[in-house]
$ cat data_13.cif   # mmCIF, C-alpha atoms and all ligand atoms
data_final
#
loop_
_atom_site.label_atom_id
_atom_site.label_comp_id
_atom_site.auth_asym_id
_atom_site.auth_seq_id
_atom_site.Cartn_x
_atom_site.Cartn_y
_atom_site.Cartn_z
CA MET A 235 105.05 118.79 84.70
CA SER A 236 106.62 115.38 85.42
CA ALA A 237 109.19 115.17 88.21
CA GLN A 238 112.79 115.30 87.09
CA ILE A 239 114.70 112.04 87.39
CA PHE A 240 118.14 112.62 88.84
CA LYS A 241 120.97 110.49 87.50
CA THR A 242 123.70 109.01 89.67
CA ILE A 243 127.12 107.46 89.24
CA ASP A 244 127.94 104.68 91.68
CA LEU A 245 131.66 104.66 92.56
CA PHE A 246 133.24 101.97 94.79
CA ALA A 247 129.90 100.37 94.07
CA GLY A 248 130.61 96.98 95.67
CA VAL A 249 127.32 95.12 95.50
CA GLY A 250 125.20 98.20 94.96
CA GLY A 251 123.91 98.96 98.47
CA ILE A 252 124.07 102.71 97.90
CA ARG A 253 122.52 102.31 94.47
CA LEU A 254 119.61 100.33 95.92
CA GLY A 255 118.84 103.06 98.45
CA PHE A 256 118.97 105.75 95.78
CA GLU A 257 116.92 103.83 93.24
CA LYS A 258 114.26 103.14 95.85
CA SER A 259 114.03 106.93 96.22
CA GLY A 260 113.65 107.48 92.48
CA PHE A 261 117.21 108.14 91.27
CA GLN A 262 118.50 106.45 88.14
CA THR A 263 121.98 104.89 87.94
CA VAL A 264 123.95 105.65 84.79
CA TYR A 265 127.42 104.38 85.68
CA ALA A 266 128.84 101.92 88.21
CA ASN A 267 132.43 101.10 89.01
CA ASP A 268 134.40 98.83 91.33
CA PHE A 269 137.67 97.01 90.75
CA GLU A 270 136.64 93.76 92.44
CA PRO A 271 135.55 91.15 89.87
CA ASN A 272 133.64 89.14 92.49
CA CYS A 273 131.37 92.11 93.13
CA LYS A 274 130.34 92.01 89.49
CA PHE A 275 128.72 88.58 89.91
CA THR A 276 126.49 89.91 92.67
CA TYR A 277 125.94 93.35 91.20
CA ASP A 278 124.96 92.26 87.70
CA LEU A 279 122.71 89.52 89.03
CA ASN A 280 120.59 92.15 90.76
CA PHE A 281 120.72 95.18 88.48
CA LYS A 282 119.55 94.64 84.94
CA SER A 283 120.64 98.02 83.59
CA THR A 284 123.99 99.76 83.99
CA SER A 285 126.17 96.80 84.83
CA LEU A 286 129.32 97.11 86.91
CA THR A 287 132.39 98.38 85.07
CA VAL A 288 135.32 96.57 86.64
CA LYS A 289 138.35 98.83 86.70
CA ASP A 290 140.72 100.44 89.12
CA ILE A 291 139.80 104.06 89.72
CA THR A 292 143.47 104.96 90.13
CA LYS A 293 144.50 103.77 86.64
CA PRO A 294 145.00 106.53 84.09
CA SER A 295 143.73 106.26 80.51
CA GLN A 296 146.09 104.46 78.16
CA GLN A 297 145.86 102.86 74.76
CA ASN A 298 142.87 100.47 74.84
CA PHE A 299 141.95 101.55 78.36
CA THR A 300 139.79 104.43 79.51
CA SER A 301 140.04 105.61 83.08
CA VAL A 302 137.01 105.90 85.32
CA LEU A 303 137.40 109.67 85.16
CA ASP A 304 137.27 109.58 81.35
CA ASP A 305 134.26 107.24 81.46
CA VAL A 306 132.23 109.54 83.66
CA PHE A 307 133.41 112.67 81.89
CA LYS A 308 131.35 111.57 78.88
CA ILE A 309 128.24 110.93 80.98
CA ASN A 310 125.55 113.39 81.90
CA TYR A 311 124.76 112.84 85.57
CA ASP A 312 123.59 114.77 88.63
CA VAL A 313 124.74 113.05 91.80
CA LEU A 314 127.98 111.24 92.62
CA LEU A 315 127.79 108.35 95.09
CA GLY A 316 130.78 106.74 96.71
CA GLY A 317 131.49 104.67 99.78
CA PHE A 318 135.22 105.00 99.29
CA PRO A 319 137.31 102.46 101.23
CA CYS A 320 138.44 103.37 104.70
CA GLN A 321 142.16 103.15 104.23
CA ALA A 322 144.38 103.53 107.24
CA PHE A 323 145.66 106.85 106.07
CA SER A 324 146.77 110.21 107.20
CA ILE A 325 146.28 112.81 104.57
CA ALA A 326 147.03 115.85 106.68
CA GLY A 327 149.69 117.87 104.92
CA TYR A 328 149.37 115.92 101.69
CA ARG A 329 147.26 118.19 99.63
CA GLN A 330 149.33 119.92 97.04
CA GLY A 331 147.26 118.23 94.40
CA PHE A 332 145.01 115.28 93.82
CA ARG A 333 147.80 113.13 92.47
CA ASP A 334 150.84 114.61 94.09
CA SER A 335 153.46 112.09 95.07
CA LYS A 336 152.31 111.83 98.69
CA GLY A 337 148.58 111.92 98.11
CA ARG A 338 148.74 109.28 95.39
CA GLY A 339 147.00 106.13 96.39
CA ASN A 340 144.56 107.95 98.54
CA LEU A 341 141.27 107.11 96.96
CA PHE A 342 139.46 110.15 98.33
CA PHE A 343 141.49 112.35 95.98
CA TYR A 344 140.32 110.37 92.97
CA VAL A 345 136.76 111.06 94.04
CA ALA A 346 137.59 114.73 94.54
CA GLU A 347 139.16 114.90 91.10
CA ILE A 348 136.06 113.40 89.50
CA ILE A 349 133.90 115.94 91.36
CA GLU A 350 136.16 118.74 90.21
CA LYS A 351 136.15 117.69 86.57
CA THR A 352 132.50 116.70 86.25
CA GLN A 353 130.80 119.12 88.67
CA PRO A 354 127.78 117.10 89.83
CA LYS A 355 124.85 118.90 91.49
CA ALA A 356 125.43 116.91 94.67
CA PHE A 357 127.27 113.96 96.18
CA LEU A 358 126.98 111.42 98.97
CA LEU A 359 130.11 109.87 100.41
CA GLU A 360 130.07 107.19 103.09
CA ASN A 361 132.84 105.97 105.35
CA VAL A 362 133.65 104.59 108.80
CA LYS A 363 132.79 106.73 111.80
CA ASN A 364 136.48 107.10 112.71
CA LEU A 365 137.12 109.16 109.61
CA LYS A 366 135.91 112.15 111.59
CA SER A 367 138.26 111.70 114.54
CA HIS A 368 141.21 110.28 112.63
CA ASP A 369 144.50 112.11 113.24
CA HIS A 370 142.75 114.41 115.75
CA GLY A 371 140.23 115.48 113.16
CA LYS A 372 142.85 116.68 110.64
CA THR A 373 142.04 114.05 108.04
CA TYR A 374 138.38 114.95 107.91
CA LYS A 375 139.16 118.65 107.98
CA ILE A 376 141.18 118.25 104.81
CA ILE A 377 138.50 116.14 103.16
CA LYS A 378 135.85 118.75 103.93
CA GLN A 379 138.06 121.65 102.91
CA THR A 380 138.96 119.93 99.66
CA LEU A 381 135.27 119.49 98.84
CA GLU A 382 134.44 123.07 99.84
CA ASN A 383 137.32 124.37 97.73
CA LEU A 384 135.69 122.64 94.77
CA GLY A 385 132.68 124.89 95.32
CA TYR A 386 130.41 122.64 97.41
CA PHE A 387 128.46 123.20 100.61
CA VAL A 388 129.13 120.16 102.77
CA LYS A 389 127.63 118.60 105.87
CA GLU A 390 128.27 115.31 107.57
CA GLU A 391 126.64 113.20 110.22
CA VAL A 392 127.37 109.92 111.95
CA LEU A 393 124.27 107.73 111.89
CA ASN A 394 123.78 104.37 113.54
CA SER A 395 121.85 101.94 111.35
CA MET A 396 119.85 100.62 114.31
CA ASP A 397 118.54 104.10 115.07
CA TYR A 398 118.14 105.52 111.57
CA GLY A 399 117.47 102.52 109.34
CA ASN A 400 115.18 100.19 111.28
CA VAL A 401 117.72 97.38 110.93
CA PRO A 402 118.99 95.30 113.85
CA GLN A 403 122.65 96.23 113.43
CA ASN A 404 124.89 98.46 115.53
CA ARG A 405 126.68 100.18 112.66
CA GLU A 406 127.91 103.73 112.90
CA ARG A 407 128.98 105.35 109.67
CA ILE A 408 129.73 108.87 108.58
CA TYR A 409 127.67 110.23 105.70
CA ILE A 410 129.03 113.28 103.89
CA VAL A 411 126.59 115.18 101.69
CA GLY A 412 127.47 118.10 99.46
CA PHE A 413 125.47 120.39 97.18
CA LYS A 414 126.67 122.89 94.65
CA SER A 415 123.69 125.15 95.26
CA GLU A 416 123.59 126.89 98.61
CA GLY A 417 119.78 126.98 98.46
CA GLN A 418 119.54 123.22 97.95
CA PHE A 419 122.10 122.67 100.68
CA ALA A 420 120.00 124.70 103.11
CA LYS A 421 117.00 122.50 102.29
CA PHE A 422 118.84 119.27 103.01
CA HIS A 423 118.57 117.66 106.44
CA PHE A 424 119.84 114.32 107.61
CA PRO A 425 116.99 111.98 108.58
CA GLU A 426 115.63 111.85 112.12
CA LYS A 427 115.83 108.78 114.36
CA ILE A 428 113.11 106.20 113.84
CA GLU A 429 111.78 103.43 115.99
CA ARG A 430 113.31 100.03 115.35
CA THR A 431 110.70 97.36 114.86
CA ILE A 432 112.75 94.74 112.98
CA GLN A 433 114.68 92.17 114.99
CA VAL A 434 117.38 89.73 113.99
CA LYS A 435 114.94 86.81 114.32
CA ASP A 436 112.74 88.41 111.63
CA LEU A 437 115.59 88.14 109.13
CA LEU A 438 116.78 84.58 109.68
CA ASP A 439 116.67 81.87 107.01
CA GLU A 440 114.00 79.25 107.42
CA LYS A 441 116.25 76.33 106.47
CA VAL A 442 119.95 76.46 107.26
CA ASP A 443 122.54 74.01 105.98
CA GLN A 444 124.48 71.96 108.56
CA TYR A 445 127.65 73.67 107.26
CA PHE A 446 126.83 76.76 109.35
CA TYR A 447 126.49 74.94 112.70
CA TYR A 448 129.39 74.70 115.13
CA GLU A 449 128.84 71.35 116.76
CA ASN A 450 131.74 69.00 115.92
CA LYS A 451 133.80 71.87 114.47
CA PRO A 452 137.23 72.52 116.13
CA ILE A 453 136.02 75.81 117.65
CA TRP A 454 133.06 74.10 119.32
CA LYS A 455 135.25 72.84 122.19
CA LYS A 456 136.04 76.44 123.04
CA ILE A 457 132.58 77.88 122.87
CA LYS A 458 130.23 75.08 123.92
CA ASN A 459 130.26 75.97 127.62
CA PHE A 460 129.05 79.50 127.09
CA VAL A 461 125.37 79.99 127.62
CA PHE A 462 123.61 80.76 124.39
CA GLU A 463 120.13 82.20 124.29
CA GLU A 464 117.87 82.53 121.31
CA ASN A 465 117.33 86.06 119.95
CA THR A 466 120.82 87.20 120.94
CA VAL A 467 123.76 87.65 118.57
CA TYR A 468 127.18 86.60 119.83
CA GLN A 469 130.73 87.26 118.79
CA TRP A 470 133.60 84.84 119.32
CA ARG A 471 136.49 87.01 120.54
CA ARG A 472 139.39 84.52 120.45
CA VAL A 473 139.06 83.47 124.10
CA TYR A 474 135.51 84.28 125.04
CA VAL A 475 132.07 84.73 123.57
CA ARG A 476 130.51 88.15 123.83
CA ALA A 477 126.76 88.59 123.90
CA ASN A 478 125.28 91.69 122.33
CA LYS A 479 122.85 92.64 125.02
CA SER A 480 121.11 95.28 122.98
CA GLY A 481 119.51 92.55 120.90
CA VAL A 482 121.11 93.74 117.68
CA CYS A 483 123.92 92.37 115.56
CA PRO A 484 127.40 93.89 115.99
CA THR A 485 128.80 95.76 112.99
CA LEU A 486 129.19 93.36 110.08
CA THR A 487 132.72 93.72 108.76
CA ALA A 488 134.52 93.04 105.51
CA ASN A 489 136.92 90.60 107.14
CA MET A 490 134.33 88.40 108.87
CA GLY A 491 134.64 84.88 107.57
CA THR A 492 138.35 85.23 106.92
CA GLY A 493 141.33 84.33 109.15
CA GLY A 494 140.53 84.71 112.81
CA HIS A 495 137.58 86.99 112.17
CA ASN A 496 134.39 85.17 112.79
CA VAL A 497 130.93 85.72 111.52
CA PRO A 498 128.49 86.56 114.37
CA LEU A 499 126.85 83.59 116.07
CA ILE A 500 123.28 82.83 117.04
CA LYS A 501 121.43 79.95 118.61
CA ASP A 502 118.39 78.57 116.86
CA HIS A 503 116.25 75.51 117.48
CA LYS A 504 118.95 73.24 115.95
CA GLY A 505 122.03 74.61 117.70
CA VAL A 506 124.67 77.32 117.63
CA ARG A 507 125.64 78.58 114.22
CA LYS A 508 127.06 81.49 112.33
CA LEU A 509 124.83 83.82 110.35
CA THR A 510 124.48 82.87 106.71
CA PRO A 511 125.55 85.32 103.97
CA GLY A 512 121.88 85.95 103.10
CA GLU A 513 121.12 86.82 106.73
CA CYS A 514 124.07 89.25 106.77
CA PHE A 515 122.72 90.99 103.66
CA ARG A 516 119.27 91.26 105.22
CA ILE A 517 120.75 92.62 108.47
CA GLN A 518 122.19 95.34 106.21
CA GLY A 519 118.65 96.03 105.05
CA PHE A 520 118.90 94.38 101.64
CA PRO A 521 115.50 93.13 100.46
CA LYS A 522 114.53 89.47 100.74
CA ASP A 523 114.60 89.10 96.95
CA TYR A 524 118.19 90.34 96.58
CA LEU A 525 120.02 87.48 94.85
CA LEU A 526 123.37 86.00 95.84
CA PRO A 527 125.53 84.31 93.20
CA ASN A 528 127.17 80.95 93.61
CA ILE A 529 130.61 82.16 94.66
CA ALA A 530 132.72 81.40 97.74
CA LYS A 531 130.93 82.29 100.96
CA SER A 532 133.97 84.27 102.11
CA HIS A 533 133.39 86.66 99.18
CA LEU A 534 129.72 87.04 100.10
CA TYR A 535 130.48 87.76 103.75
CA LYS A 536 133.03 90.35 102.64
CA GLN A 537 130.56 91.95 100.26
CA ALA A 538 127.88 92.17 102.95
CA GLY A 539 130.28 93.60 105.52
CA ASN A 540 131.70 96.11 103.04
CA SER A 541 128.29 97.32 102.01
CA VAL A 542 125.90 99.79 103.58
CA SER A 543 122.63 99.70 105.45
CA VAL A 544 120.29 100.26 102.54
CA PRO A 545 117.40 101.90 104.49
CA VAL A 546 119.72 104.54 105.97
CA ILE A 547 120.93 105.39 102.47
CA GLN A 548 117.35 105.45 101.21
CA ARG A 549 116.31 107.94 103.87
CA ILE A 550 119.25 110.22 103.05
CA ALA A 551 118.46 109.92 99.34
CA GLU A 552 114.81 110.87 99.94
CA ASN A 553 115.95 114.05 101.68
CA MET A 554 118.43 114.76 98.89
CA ILE A 555 115.65 114.55 96.30
CA ILE A 556 113.58 117.07 98.26
CA ALA A 557 116.56 119.43 98.32
CA LEU A 558 117.40 118.91 94.63
CA GLN A 559 113.82 119.59 93.62
CA SER A 560 113.65 122.80 95.60
C1 LIG A 601 133.51 100.04 101.52
S1 LIG A 601 133.31 99.21 100.00
C2 LIG A 601 131.89 100.00 99.31
C3 LIG A 601 130.76 99.05 99.10
C4 LIG A 601 129.47 99.61 98.51
N1 LIG A 601 129.07 100.85 99.09
C5 LIG A 601 128.35 98.58 98.63
O1 LIG A 601 127.22 98.92 98.96
O2 LIG A 601 128.60 97.41 98.41
C6 LIG A 601 134.61 99.86 99.04
C7 LIG A 601 134.71 99.29 97.64
O3 LIG A 601 135.76 99.96 96.96
C8 LIG A 601 136.35 99.07 96.03
N2 LIG A 601 137.67 99.59 95.68
C9 LIG A 601 138.76 99.67 96.46
N3 LIG A 601 139.80 100.20 95.78
C10 LIG A 601 139.35 100.47 94.54
C11 LIG A 601 139.96 101.02 93.38
N4 LIG A 601 141.25 101.38 93.37
N5 LIG A 601 139.22 101.16 92.26
C12 LIG A 601 137.90 100.80 92.26
N6 LIG A 601 137.27 100.25 93.33
C13 LIG A 601 137.99 100.09 94.45
C14 LIG A 601 136.36 97.76 96.80
O4 LIG A 601 136.44 96.65 95.92
C15 LIG A 601 135.06 97.82 97.59
O5 LIG A 601 134.02 97.14 96.92
#
$ encode --input "data_13.cif" --output "structure tokens" --more "lines below"
Ligand SMILES: C[S@@+](CC[C@H](N)C(=O)[O-])C[C@H]1O[C@@H](n2cnc3c(N)ncnc32)[C@H](O)[C@@H]1O
Amino acid sequence: MSAQIFKTIDLFAGVGGIRLGFEKSGFQTVYANDFEPNCKFTYDLNFKSTSLTVKDITKPSQQNFTSVLDDVFKINYDVLLGGFPCQAFSIAGYRQGFRDSKGRGNLFFYVAEIIEKTQPKAFLLENVKNLKSHDHGKTYKIIKQTLENLGYFVKEEVLNSMDYGNVPQNRERIYIVGFKSEGQFAKFHFPEKIERTIQVKDLLDEKVDQYFYYENKPIWKKIKNFVFEENTVYQWRRVYVRANKSGVCPTLTANMGTGGHNVPLIKDHKGVRKLTPGECFRIQGFPKDYLLPNIAKSHLYKQAGNSVSVPVIQRIAENMIIALQS
């Protein structure tokens, strides 16, 4: 008997980091959505089937427009995937319904509604670590209760990419996994820690354009007197430069490369420079052959920072397959 292929829908898909991890584990993607047109350039360049549907998950169906919920309602799938955005929200007390006046705008409830209406076998949701402690734990309590009330068995764990994904990045994220079957749920375990063998220097570009170097840039006057060492990643923190002693990159963020938020710095044989977008993607565990489109670098930095550490996702997905097949 051939192994069953489980089908996934990729919500808040961004540039497909979660999809990559799941496909590497044998899942097949049958729907992908994000409302950011710039993500589509990157997504479609890398995934030849199931291109990104660009629409806002909060928009209801209207004439000539089908909502995301209606799209997925027609699709046969097994597992829902979603790294929903970490909005600064408090949802405690706002749970009369998925689209009640107060809860509206909270993207988690759109995910919950899709789960309710389409009843997947399992789901993986990803978010910032603070989701668990936000509002003294009330926000996460409501998220978990909402999912359990839909008939799912749910567990969550905060995993740091540098400990669980063999990537040189200090990135703590919460992963929420749910199964409809109690038996499958009991079989699922989050991955164990693994040794980290990959270092930032292993992921650097061979040739880097002068654009990325700081010498002669206005900020250079402020940072040139700090001591820079090779194999260390630095962050410019407005008035000082902070070295990341652990030898890994600090969390890559969606706002790096915009406003006062700077991309992490390194020193190489030519001088002090910021990481390139390609390096940021690789520090997230994207493969070397992942392609980047010719769009503004600020979009690429945002996409890398918004994404996930692919190997961590892959390890969770591998354990989900074992549970689903049980
Ligand atoms: C944290 S990122 C997830 C990135 C993704 N996991 C990846 O690997 O690239 C959240 C994504 O949600 C998308 N998003 C935010 N609001 C949305 C909405 N109302 N409808 C659809 N997508 C939305 C953003 O454009 C962003 O790409």
$ residues_near_ligand --input "data_13.cif" --ligand "ligand LIG 601 (chain A)" --cutoff "6 Å" --atoms "only C-alpha atoms and all ligand atoms" --output "list in words"
Phe246, Ala247, Gly248, Val249, Gly250, Gly251, Ile252, Asp268, Phe269, Glu270, Lys289, Asp290, Ile291, Thr292, Gly317, Phe318, Pro319, Asn540, Ser541 and Val542 of chain A
$ closest_residue --input "data_13.cif" --among "A:Lys479, A:Lys241, A:Lys531, A:His423" --to "Thr510 in chain A" --atoms "all atoms listed in the file"
A:Lys531
$ atom_distance --input "data_13.cif" --atom1 "CA of Glu350 in chain A" --atom2 "CA of Phe419 in chain A"
18.0 Å
$ atom_distance --input "data_13.cif" --atom1 "CA of Ile408 in chain A" --atom2 "CA of Ile500 in chain A"
28.1 Å
$ residues_around --input "data_13.cif" --residues "Gln238 in chain A" --least-positions-apart "6" --cutoff "10 Å" --atoms "only C-alpha atoms" --output "list in words"
Gly260, Phe261, Ile555, Leu558 and Gln559 of chain A
